[in-house]
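Listing of final_35.pdb; format and content: PDB, C-alpha atoms.
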ATOM      1  CA  LYS H1456      34.279 -34.178 -28.020  1.00  0.00           C
ATOM      2  CA  LYS H1457      30.629 -34.855 -28.817  1.00  0.00           C
ATOM      3  CA  SER H1458      29.556 -34.871 -25.171  1.00  0.00           C
ATOM      4  CA  ALA H1459      31.544 -31.683 -24.461  1.00  0.00           C
ATOM      5  CA  ILE H1460      29.612 -29.790 -27.128  1.00  0.00           C
ATOM      6  CA  THR H1461      26.260 -31.298 -26.087  1.00  0.00           C
ATOM      7  CA  ILE H1462      26.778 -30.448 -22.404  1.00  0.00           C
ATOM      8  CA  ALA H1463      28.008 -26.948 -23.302  1.00  0.00           C
ATOM      9  CA  VAL H1464      24.938 -26.296 -25.474  1.00  0.00           C
ATOM     10  CA  GLY H1465      22.657 -27.535 -22.686  1.00  0.00           C
ATOM     11  CA  VAL H1466      24.242 -25.185 -20.151  1.00  0.00           C
ATOM     12  CA  LEU H1467      24.102 -22.354 -22.721  1.00  0.00           C
ATOM     13  CA  LEU H1468      20.336 -22.881 -23.084  1.00  0.00           C
ATOM     14  CA  CYS H1469      19.842 -22.904 -19.301  1.00  0.00           C
ATOM     15  CA  ILE H1470      21.692 -19.597 -18.895  1.00  0.00           C
ATOM     16  CA  LEU H1471      19.842 -17.977 -21.819  1.00  0.00           C
ATOM     17  CA  SER H1472      16.422 -19.318 -20.778  1.00  0.00           C
ATOM     18  CA  PRO H1473      15.383 -16.332 -18.558  1.00  0.00           C
ATOM     19  CA  ILE H1474      16.089 -13.689 -21.240  1.00  0.00           C
ATOM     20  CA  CYS H1475      12.726 -13.971 -22.973  1.00  0.00           C
ATOM     21  CA  LEU H1476      10.906 -13.842 -19.620  1.00  0.00           C
ATOM     22  CA  LEU H1477      12.801 -10.720 -18.519  1.00  0.00           C
ATOM     23  CA  ILE H1478      12.344  -8.797 -21.784  1.00  0.00           C
ATOM     24  CA  LEU H1479       8.664  -9.660 -22.293  1.00  0.00           C
ATOM     25  CA  THR H1480       7.715  -8.982 -18.661  1.00  0.00           C
ATOM     26  CA  VAL H1481       9.474  -5.614 -18.495  1.00  0.00           C
ATOM     27  CA  GLY H1482       8.312  -4.729 -22.026  1.00  0.00           C
ATOM     28  CA  GLY H1483       4.718  -5.391 -21.061  1.00  0.00           C
ATOM     29  CA  ASP H1484       5.095  -3.558 -17.754  1.00  0.00           C
ATOM     30  CA  THR H1485       6.635  -0.425 -19.322  1.00  0.00           C
ATOM     31  CA  GLY H1486       4.318  -0.371 -22.338  1.00  0.00           C
ATOM     32  CA  ALA H1487       7.198  -0.907 -24.767  1.00  0.00           C
ATOM     33  CA  LEU H1488       5.463  -4.062 -26.038  1.00  0.00           C
ATOM     34  CA  PRO H1489       1.770  -4.360 -27.030  1.00  0.00           C
ATOM     35  CA  PHE H1490       0.669  -6.715 -24.238  1.00  0.00           C
ATOM     36  CA  SER H1491       0.466  -6.856 -20.448  1.00  0.00           C
ATOM     37  CA  ALA H1492       3.257  -7.848 -18.084  1.00  0.00           C
ATOM     38  CA  GLU H1493       1.208 -10.919 -17.101  1.00  0.00           C
ATOM     39  CA  ALA H1494       0.931 -12.066 -20.725  1.00  0.00           C
ATOM     40  CA  GLY H1495       4.641 -11.439 -21.203  1.00  0.00           C
ATOM     41  CA  ALA H1496       5.416 -13.444 -18.064  1.00  0.00           C
ATOM     42  CA  GLY H1497       3.289 -16.339 -19.326  1.00  0.00           C
ATOM     43  CA  ILE H1498       5.046 -16.442 -22.695  1.00  0.00           C
ATOM     44  CA  GLY H1499       8.433 -15.949 -21.048  1.00  0.00           C
ATOM     45  CA  ILE H1500       7.967 -18.751 -18.503  1.00  0.00           C
ATOM     46  CA  SER H1501       6.759 -21.101 -21.241  1.00  0.00           C
ATOM     47  CA  THR H1502       9.848 -20.297 -23.314  1.00  0.00           C
ATOM     48  CA  LEU H1503      12.100 -20.731 -20.270  1.00  0.00           C
ATOM     49  CA  LEU H1504      10.625 -24.146 -19.513  1.00  0.00           C
ATOM     50  CA  LEU H1505      10.917 -25.303 -23.136  1.00  0.00           C
ATOM     51  CA  LEU H1506      14.601 -24.328 -23.248  1.00  0.00           C
ATOM     52  CA  VAL H1507      15.281 -26.053 -19.922  1.00  0.00           C
ATOM     53  CA  ILE H1508      13.402 -29.180 -21.059  1.00  0.00           C
ATOM     54  CA  PHE H1509      15.528 -29.327 -24.211  1.00  0.00           C
ATOM     55  CA  ALA H1510      18.696 -28.779 -22.142  1.00  0.00           C
ATOM     56  CA  VAL H1511      17.765 -31.551 -19.697  1.00  0.00           C
ATOM     57  CA  ALA H1512      17.076 -33.874 -22.647  1.00  0.00           C
ATOM     58  CA  LEU H1513      20.615 -33.152 -23.882  1.00  0.00           C
ATOM     59  CA  PHE H1514      22.069 -33.832 -20.417  1.00  0.00           C
ATOM     60  CA  VAL H1515      20.187 -37.108 -19.992  1.00  0.00           C
ATOM     61  CA  THR H1516      21.049 -38.309 -23.513  1.00  0.00           C
ATOM     62  CA  THR H1517      24.732 -37.485 -23.016  1.00  0.00           C
ATOM     63  CA  GLY H1518      24.754 -39.159 -19.601  1.00  0.00           C
ATOM     64  CA  LEU H1519      23.303 -42.369 -21.026  1.00  0.00           C
ATOM     65  CA  GLN H1520      25.720 -42.355 -23.972  1.00  0.00           C
ATOM     66  CA  THR H1521      28.797 -41.877 -21.757  1.00  0.00           C
ATOM     67  CA  LYS H1522      27.657 -44.169 -18.924  1.00  0.00           C
ATOM     68  CA  GLN H1523      29.682 -47.063 -20.373  1.00  0.00           C
ATOM     69  CA  PHE H1524      32.873 -45.059 -19.740  1.00  0.00           C
ATOM     70  CA  GLU H1525      32.163 -44.236 -16.072  1.00  0.00           C
ATOM     71  CA  PHE H1526      34.671 -46.871 -14.936  1.00  0.00           C
ATOM     72  CA  LEU H1527      37.468 -44.578 -16.213  1.00  0.00           C
ATOM     73  CA  ASN H1528      36.565 -42.274 -13.316  1.00  0.00           C
ATOM     74  CA  THR H1529      37.228 -44.828 -10.610  1.00  0.00           C
ATOM     75  CA  GLN H1530      39.100 -47.849 -11.997  1.00  0.00           C
ATOM     76  CA  PRO H1531      42.859 -47.964 -12.716  1.00  0.00           C
ATOM     77  CA  ILE H1532      43.592 -48.524 -16.411  1.00  0.00           C
ATOM     78  CA  LYS H1533      46.657 -49.270 -18.500  1.00  0.00           C
ATOM     79  CA  LEU H1534      47.064 -48.087 -22.093  1.00  0.00           C
ATOM     80  CA  ASP H1535      49.218 -49.939 -24.590  1.00  0.00           C
ATOM     81  CA  ARG H1536      52.082 -48.025 -26.193  1.00  0.00           C
ATOM     82  CA  ASP H1537      50.155 -47.001 -29.339  1.00  0.00           C
ATOM     83  CA  ALA H1538      47.175 -45.732 -27.364  1.00  0.00           C
ATOM     84  CA  LEU H1539      49.440 -43.860 -24.933  1.00  0.00           C
ATOM     85  CA  ASN H1540      51.310 -42.158 -27.785  1.00  0.00           C
ATOM     86  CA  PHE H1541      48.009 -41.255 -29.460  1.00  0.00           C
ATOM     87  CA  VAL H1542      46.515 -39.692 -26.310  1.00  0.00           C
ATOM     88  CA  ASN H1543      49.713 -37.741 -25.594  1.00  0.00           C
ATOM     89  CA  GLU H1544      49.648 -36.439 -29.164  1.00  0.00           C
ATOM     90  CA  VAL H1545      46.011 -35.383 -28.771  1.00  0.00           C
ATOM     91  CA  LYS H1546      46.882 -33.592 -25.538  1.00  0.00           C
ATOM     92  CA  GLN H1547      49.717 -31.663 -27.169  1.00  0.00           C
ATOM     93  CA  GLN H1548      47.528 -30.681 -30.122  1.00  0.00           C
ATOM     94  CA  TYR H1549      44.687 -29.553 -27.851  1.00  0.00           C
ATOM     95  CA  ASN H1550      46.822 -27.696 -25.302  1.00  0.00           C
ATOM     96  CA  GLN H1551      46.857 -24.389 -27.221  1.00  0.00           C
ATOM     97  CA  LYS H1552      43.109 -24.515 -27.803  1.00  0.00           C
ATOM     98  CA  TYR H1553      42.556 -25.359 -24.116  1.00  0.00           C
ATOM     99  CA  ILE H1554      44.440 -22.212 -23.054  1.00  0.00           C
ATOM    100  CA  ILE H1555      42.615 -19.991 -25.582  1.00  0.00           C
ATOM    101  CA  TYR H1556      39.166 -21.321 -24.614  1.00  0.00           C
ATOM    102  CA  ASN H1557      39.876 -20.808 -20.922  1.00  0.00           C
ATOM    103  CA  VAL H1558      41.246 -17.284 -21.378  1.00  0.00           C
ATOM    104  CA  PHE H1559      38.337 -16.183 -23.577  1.00  0.00           C
ATOM    105  CA  GLY H1560      35.787 -17.915 -21.356  1.00  0.00           C
ATOM    106  CA  VAL H1561      37.000 -16.246 -18.162  1.00  0.00           C
ATOM    107  CA  CYS H1562      37.396 -12.848 -19.865  1.00  0.00           C
ATOM    108  CA  LEU H1563      33.852 -13.003 -21.265  1.00  0.00           C
ATOM    109  CA  CYS H1564      32.425 -13.852 -17.843  1.00  0.00           C
ATOM    110  CA  ILE H1565      34.247 -10.897 -16.270  1.00  0.00           C
ATOM    111  CA  ALA H1566      33.432  -8.495 -19.117  1.00  0.00           C
ATOM    112  CA  SER H1567      29.753  -9.494 -19.103  1.00  0.00           C
ATOM    113  CA  ALA H1568      29.032  -7.020 -16.293  1.00  0.00           C
ATOM    114  CA  ILE H1569      30.292  -4.026 -18.305  1.00  0.00           C
ATOM    115  CA  PRO H1570      27.137  -3.470 -20.455  1.00  0.00           C
ATOM    116  CA  LEU H1571      24.877  -3.609 -17.396  1.00  0.00           C
ATOM    117  CA  ILE H1572      27.065  -1.280 -15.307  1.00  0.00           C
ATOM    118  CA  ALA H1573      27.458   1.178 -18.203  1.00  0.00           C
ATOM    119  CA  THR H1574      23.714   1.200 -18.943  1.00  0.00           C
ATOM    120  CA  ALA H1575      22.832   1.675 -15.268  1.00  0.00           C
ATOM    121  CA  CYS H1576      25.199   4.675 -15.142  1.00  0.00           C
ATOM    122  CA  ILE H1577      23.618   6.276 -18.222  1.00  0.00           C
ATOM    123  CA  THR H1578      19.920   5.637 -17.654  1.00  0.00           C
ATOM    124  CA  GLU H1579      17.429   4.257 -15.133  1.00  0.00           C
ATOM    125  CA  ASN H1580      15.017   3.200 -17.870  1.00  0.00           C
ATOM    126  CA  ASP H1581      14.076  -0.431 -17.106  1.00  0.00           C
ATOM    127  CA  TRP H1582      13.694  -1.231 -20.797  1.00  0.00           C
ATOM    128  CA  TYR H1583      17.340  -0.421 -21.572  1.00  0.00           C
ATOM    129  CA  VAL H1584      18.619  -1.987 -18.348  1.00  0.00           C
ATOM    130  CA  ILE H1585      16.851  -5.275 -19.082  1.00  0.00           C
ATOM    131  CA  PHE H1586      18.470  -5.449 -22.519  1.00  0.00           C
ATOM    132  CA  ALA H1587      21.856  -4.849 -20.887  1.00  0.00           C
ATOM    133  CA  LEU H1588      21.063  -7.723 -18.504  1.00  0.00           C
ATOM    134  CA  ALA H1589      20.222  -9.892 -21.519  1.00  0.00           C
ATOM    135  CA  VAL H1590      23.611  -9.040 -23.047  1.00  0.00           C
ATOM    136  CA  LEU H1591      25.225  -9.994 -19.716  1.00  0.00           C
ATOM    137  CA  LEU H1592      23.558 -13.405 -19.794  1.00  0.00           C
ATOM    138  CA  ILE H1593      24.537 -13.965 -23.433  1.00  0.00           C
ATOM    139  CA  LEU H1594      28.203 -13.171 -22.721  1.00  0.00           C
ATOM    140  CA  VAL H1595      28.202 -15.379 -19.614  1.00  0.00           C
ATOM    141  CA  ALA H1596      26.554 -18.203 -21.578  1.00  0.00           C
ATOM    142  CA  ILE H1597      29.205 -18.049 -24.324  1.00  0.00           C
ATOM    143  CA  GLY H1598      32.018 -17.810 -21.749  1.00  0.00           C
ATOM    144  CA  VAL H1599      30.746 -20.785 -19.750  1.00  0.00           C
ATOM    145  CA  MET H1600      30.243 -22.790 -22.952  1.00  0.00           C
ATOM    146  CA  LEU H1601      33.917 -22.257 -23.874  1.00  0.00           C
ATOM    147  CA  LEU H1602      35.022 -23.240 -20.359  1.00  0.00           C
ATOM    148  CA  ILE H1603      32.945 -26.421 -20.444  1.00  0.00           C
ATOM    149  CA  ILE H1604      34.200 -27.499 -23.877  1.00  0.00           C
ATOM    150  CA  ALA H1605      37.800 -26.917 -22.780  1.00  0.00           C
ATOM    151  CA  GLY H1606      37.292 -28.590 -19.401  1.00  0.00           C
ATOM    152  CA  VAL H1607      35.498 -31.713 -20.633  1.00  0.00           C
ATOM    153  CA  ASN H1608      38.011 -32.384 -23.414  1.00  0.00           C
ATOM    154  CA  ASN H1609      40.957 -31.796 -21.080  1.00  0.00           C
ATOM    155  CA  SER H1610      39.411 -34.048 -18.418  1.00  0.00           C
ATOM    156  CA  ALA H1611      38.935 -36.816 -20.986  1.00  0.00           C
ATOM    157  CA  VAL H1612      42.635 -36.769 -21.869  1.00  0.00           C
ATOM    158  CA  ASN H1613      43.691 -36.607 -18.199  1.00  0.00           C
ATOM    159  CA  MET H1614      41.338 -39.491 -17.438  1.00  0.00           C
ATOM    160  CA  LEU H1615      43.039 -41.712 -20.022  1.00  0.00           C
ATOM    161  CA  LEU H1616      46.534 -40.650 -18.959  1.00  0.00           C
ATOM    162  CA  GLN H1617      45.547 -40.891 -15.261  1.00  0.00           C
ATOM    163  CA  GLU H1618      46.874 -37.415 -14.538  1.00  0.00           C
ATOM    164  CA  GLY H1619      45.616 -34.518 -12.383  1.00  0.00           C
ATOM    165  CA  GLU H1620      42.468 -35.474 -10.505  1.00  0.00           C
ATOM    166  CA  TYR H1621      42.471 -38.915 -12.171  1.00  0.00           C
ATOM    167  CA  THR H1622      45.600 -40.402 -10.603  1.00  0.00           C
ATOM    168  CA  ALA H1623      45.222 -43.892  -9.114  1.00  0.00           C
ATOM    169  CA  GLU H1624      44.951 -42.381  -5.618  1.00  0.00           C
ATOM    170  CA  ASN H1625      42.297 -39.867  -6.640  1.00  0.00           C
ATOM    171  CA  LYS H1626      40.334 -42.558  -8.468  1.00  0.00           C
ATOM    172  CA  GLN H1627      40.036 -44.471  -5.198  1.00  0.00           C
ATOM    173  CA  LYS H1628      38.733 -41.290  -3.566  1.00  0.00           C
ATOM    174  CA  ASN H1629      36.275 -40.765  -6.436  1.00  0.00           C
ATOM    175  CA  GLU H1630      34.943 -44.302  -6.042  1.00  0.00           C
ATOM    176  CA  ARG H1631      34.482 -43.793  -2.291  1.00  0.00           C
ATOM    177  CA  ASN H1632      32.872 -40.371  -2.772  1.00  0.00           C
ATOM    178  CA  GLU H1633      30.429 -41.725  -5.354  1.00  0.00           C
ATOM    179  CA  LYS H1634      29.242 -44.353  -2.868  1.00  0.00           C
ATOM    180  CA  ILE H1635      28.825 -41.716  -0.147  1.00  0.00           C
ATOM    181  CA  ALA H1636      27.062 -39.305  -2.534  1.00  0.00           C
ATOM    182  CA  ALA H1637      24.634 -42.029  -3.639  1.00  0.00           C
ATOM    183  CA  VAL H1638      23.361 -42.194  -0.039  1.00  0.00           C
ATOM    184  CA  TYR H1639      23.978 -38.638   1.149  1.00  0.00           C
ATOM    185  CA  PHE H1640      22.155 -36.571  -1.487  1.00  0.00           C
ATOM    186  CA  PRO H1641      18.890 -38.564  -1.582  1.00  0.00           C
ATOM    187  CA  PHE H1642      18.898 -38.554   2.253  1.00  0.00           C
ATOM    188  CA  ALA H1643      19.431 -34.762   2.340  1.00  0.00           C
ATOM    189  CA  ALA H1644      16.663 -34.275  -0.244  1.00  0.00           C
ATOM    190  CA  ALA H1645      14.292 -36.468   1.792  1.00  0.00           C
ATOM    191  CA  ILE H1646      14.984 -34.429   4.964  1.00  0.00           C
ATOM    192  CA  TYR H1647      14.461 -31.174   3.065  1.00  0.00           C
ATOM    193  CA  LEU H1648      11.130 -32.256   1.568  1.00  0.00           C
ATOM    194  CA  ALA H1649       9.849 -33.872   4.778  1.00  0.00           C
ATOM    195  CA  TYR H1650      10.693 -30.805   6.903  1.00  0.00           C
ATOM    196  CA  SER H1651       9.278 -28.415   4.313  1.00  0.00           C
ATOM    197  CA  PHE H1652       5.950 -30.204   3.896  1.00  0.00           C
ATOM    198  CA  ILE H1653       5.480 -30.806   7.631  1.00  0.00           C
ATOM    199  CA  THR H1654       6.340 -27.261   8.758  1.00  0.00           C
ATOM    200  CA  ASN H1655       5.446 -25.420   5.514  1.00  0.00           C
ATOM    201  CA  ASP H1656       8.509 -23.298   6.268  1.00  0.00           C
ATOM    202  CA  TRP H1657       9.765 -23.150   2.674  1.00  0.00           C
ATOM    203  CA  ALA H1658      11.319 -19.720   3.241  1.00  0.00           C
ATOM    204  CA  LYS H1659      13.967 -21.243   5.530  1.00  0.00           C
ATOM    205  CA  SER H1660      14.051 -24.939   4.632  1.00  0.00           C
ATOM    206  CA  TRP H1661      16.073 -24.279   1.448  1.00  0.00           C
ATOM    207  CA  ILE H1662      19.092 -23.916   3.766  1.00  0.00           C
ATOM    208  CA  ILE H1663      19.053 -27.717   4.185  1.00  0.00           C
TER     209      ILE H1663
END
I'd like the structure from this file rewritten - as structure tokens, please.
Amino acid sequence: KKSAITIAVGVLLCILSPICLLILTVGGDTGALPFSAEAGAGIGISTLLLLVIFAVALFVTTGLQTKQFEFLNTQPIKLDRDALNFVNEVKQQYNQKYIIYNVFGVCLCIASAIPLIATACITENDWYVIFALAVLLILVAIGVMLLIIAGVNNSAVNMLLQEGEYTAENKQKNERNEKIAAVYFPFAAAIYLAYSFITNDWAKSWII
């Protein structure tokens, strides 16, 4: 439960991080705010980076705290009767909340486009449009936060009960995939960086 909230808050901060940059840059560019677009961009980028730094700190802290439980992802486990009854009870209690969080999360993500579309239909003023975009990001951030909280808690229960993607067969696949990923992703990153620096073709190398 703790890690679900921490991860959700971190993702929330990442999604919200560009808002300050967008508003200050456009406000400075349109004259709505008493400074230049360049000054607004500088403040906005600094704010964006601070929010992302804080989010990454949350991710790293949570990862280190939950590292001791990684074996639940790949190793078969057996719960005693009391533990099994407890986890099943938790799942039943959380089921209603899981449905509500998912429904609201998805609906918010879909509805987030409405303010931007409505504003664009009414006016072409960049100042109003950028605020509508900020509202879009806020709604998406809240929706994604609800989805993450629901998903992480539900995954934790399924992991202990070895259901869904955490069946014994899937755990074997997860263990194999983790070994492949440990080699594959650093290798892909090395190819991307080597090609990019040698050719200086950054415009296309991102495809790698």
**OP:** Tell me, in Å to one decimal, how far CA of Leu1503 in chain H is from CA of Leu1471 in chain H.
**Re:**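 Between CA of Leu1503 in chain H and CA of Leu1471 in chain H the gap works out to 8.4 Å.
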**OP:** Evaluate the PyMOL selection byres ((chain H and resi 1472) around 9) and record the selected residues as a PyMOL selection string, following the chain and residue labels used in the document.
**Re:** chain H and resi 1467-1471+1473-1476+1499-1500+1502-1507
Original post:
For the atom pair CA of Leu1592 in chain H and CA of Ile1569 in chain H, what is the interatomic distance in Å to one decimal place?
Top reply: 11.6 Å
Original post:
Which residue out of H:Phe1490, H:Glu1525, H:Ile1498, H:Thr1517 has the minimum interatomic distance to Gly1465 in chain H when only C-alpha atoms are used?
Top reply: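 For Gly1465 in chain H, the nearest of the candidates is H:Thr1517.
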Original post:
CA of Phe1642 in chain H to CA of Ile1662 in chain H: how many Å, to one decimal?
Top reply: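 Computing the Euclidean distance for CA of Phe1642 in chain H and CA of Ile1662 in chain H yields 14.7 Å.
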Subject >> Residues matched by the PyMOL selection byres ((chain H and resi 1557) around 9), written as a list in words >> reply: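 That expression, the PyMOL selection byres ((chain H and resi 1557) around 9), corresponds here to Lys1552, Tyr1553, Ile1554, Ile1555, Tyr1556, Val1558, Phe1559, Gly1560, Val1561, Cys1562, Gly1598, Leu1601, Leu1602, Ile1603, Ala1605 and Gly1606 of chain H.
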Original post:
Which residues match the PyMOL selection byres ((chain H and resi 1535-1545) around 12) in the file above, as an NGL selection string?
Top reply: :H and (1456 or 1532-1534 or 1546-1553 or 1608-1609 or 1611-1618)
**OP:** May I ask which of the residues H:Ser1651, H:Ser1660, H:Asn1528, H:Ala1596 is the closest one to Gly1619 in chain H, counting all atoms listed in the file?
**Re:** H:Asn1528
All residues 10 Å or closer to Ile1462 in chain H, all atoms listed in the file, same chain fewer than 5 positions away omitted, as a short mmCIF file (atom, residue, chain, number, x, y, z; two decimals) with C-alpha atoms, keeping the file's coordinate frame:
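This went into around05.cif:
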data_model
loop_
_atom_site.label_atom_id
_atom_site.label_comp_id
_atom_site.auth_asym_id
_atom_site.auth_seq_id
_atom_site.Cartn_x
_atom_site.Cartn_y
_atom_site.Cartn_z
CA LYS H 1457 30.63 -34.85 -28.82
CA LEU H 1467 24.10 -22.35 -22.72
CA LEU H 1468 20.34 -22.88 -23.08
CA ALA H 1510 18.70 -28.78 -22.14
CA VAL H 1511 17.76 -31.55 -19.70
CA LEU H 1513 20.62 -33.15 -23.88
CA PHE H 1514 22.07 -33.83 -20.42
CA VAL H 1515 20.19 -37.11 -19.99
CA THR H 1516 21.05 -38.31 -23.51
CA THR H 1517 24.73 -37.48 -23.02
CA GLY H 1518 24.75 -39.16 -19.60
CA MET H 1600 30.24 -22.79 -22.95
CA ILE H 1603 32.94 -26.42 -20.44
CA ILE H 1604 34.20 -27.50 -23.88
CA VAL H 1607 35.50 -31.71 -20.63
#
**OP:** Determine the nearest neighbour of Ser1610 in chain H from the options H:Phe1509, H:Gly1482, H:Thr1622, H:Ala1573, counting only C-alpha atoms.
**Re:**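 That would be H:Thr1622, the residue with the smallest distance to Ser1610 in chain H.
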Subject >> Nearest to Ala1494 in chain H by atom-to-atom distance, counting all atoms listed in the file, from H:Ala1459, H:Leu1479, H:Ile1508, H:Leu1563 >> reply: H:Leu1479
**OP:** May I have the residues within 10 Å of Glu1624 in chain H as a PyMOL selection string, using only C-alpha atoms and disregarding those fewer than 5 positions away in the same chain?
**Re:** chain H and resi 1529+1531+1617+1629
Original post:
Given the choices H:Trp1582, H:Phe1526, H:Trp1661, H:Tyr1647, which gets closest to Gly1483 in chain H if the distance is worked out from only C-alpha atoms?
Top reply: H:Trp1582
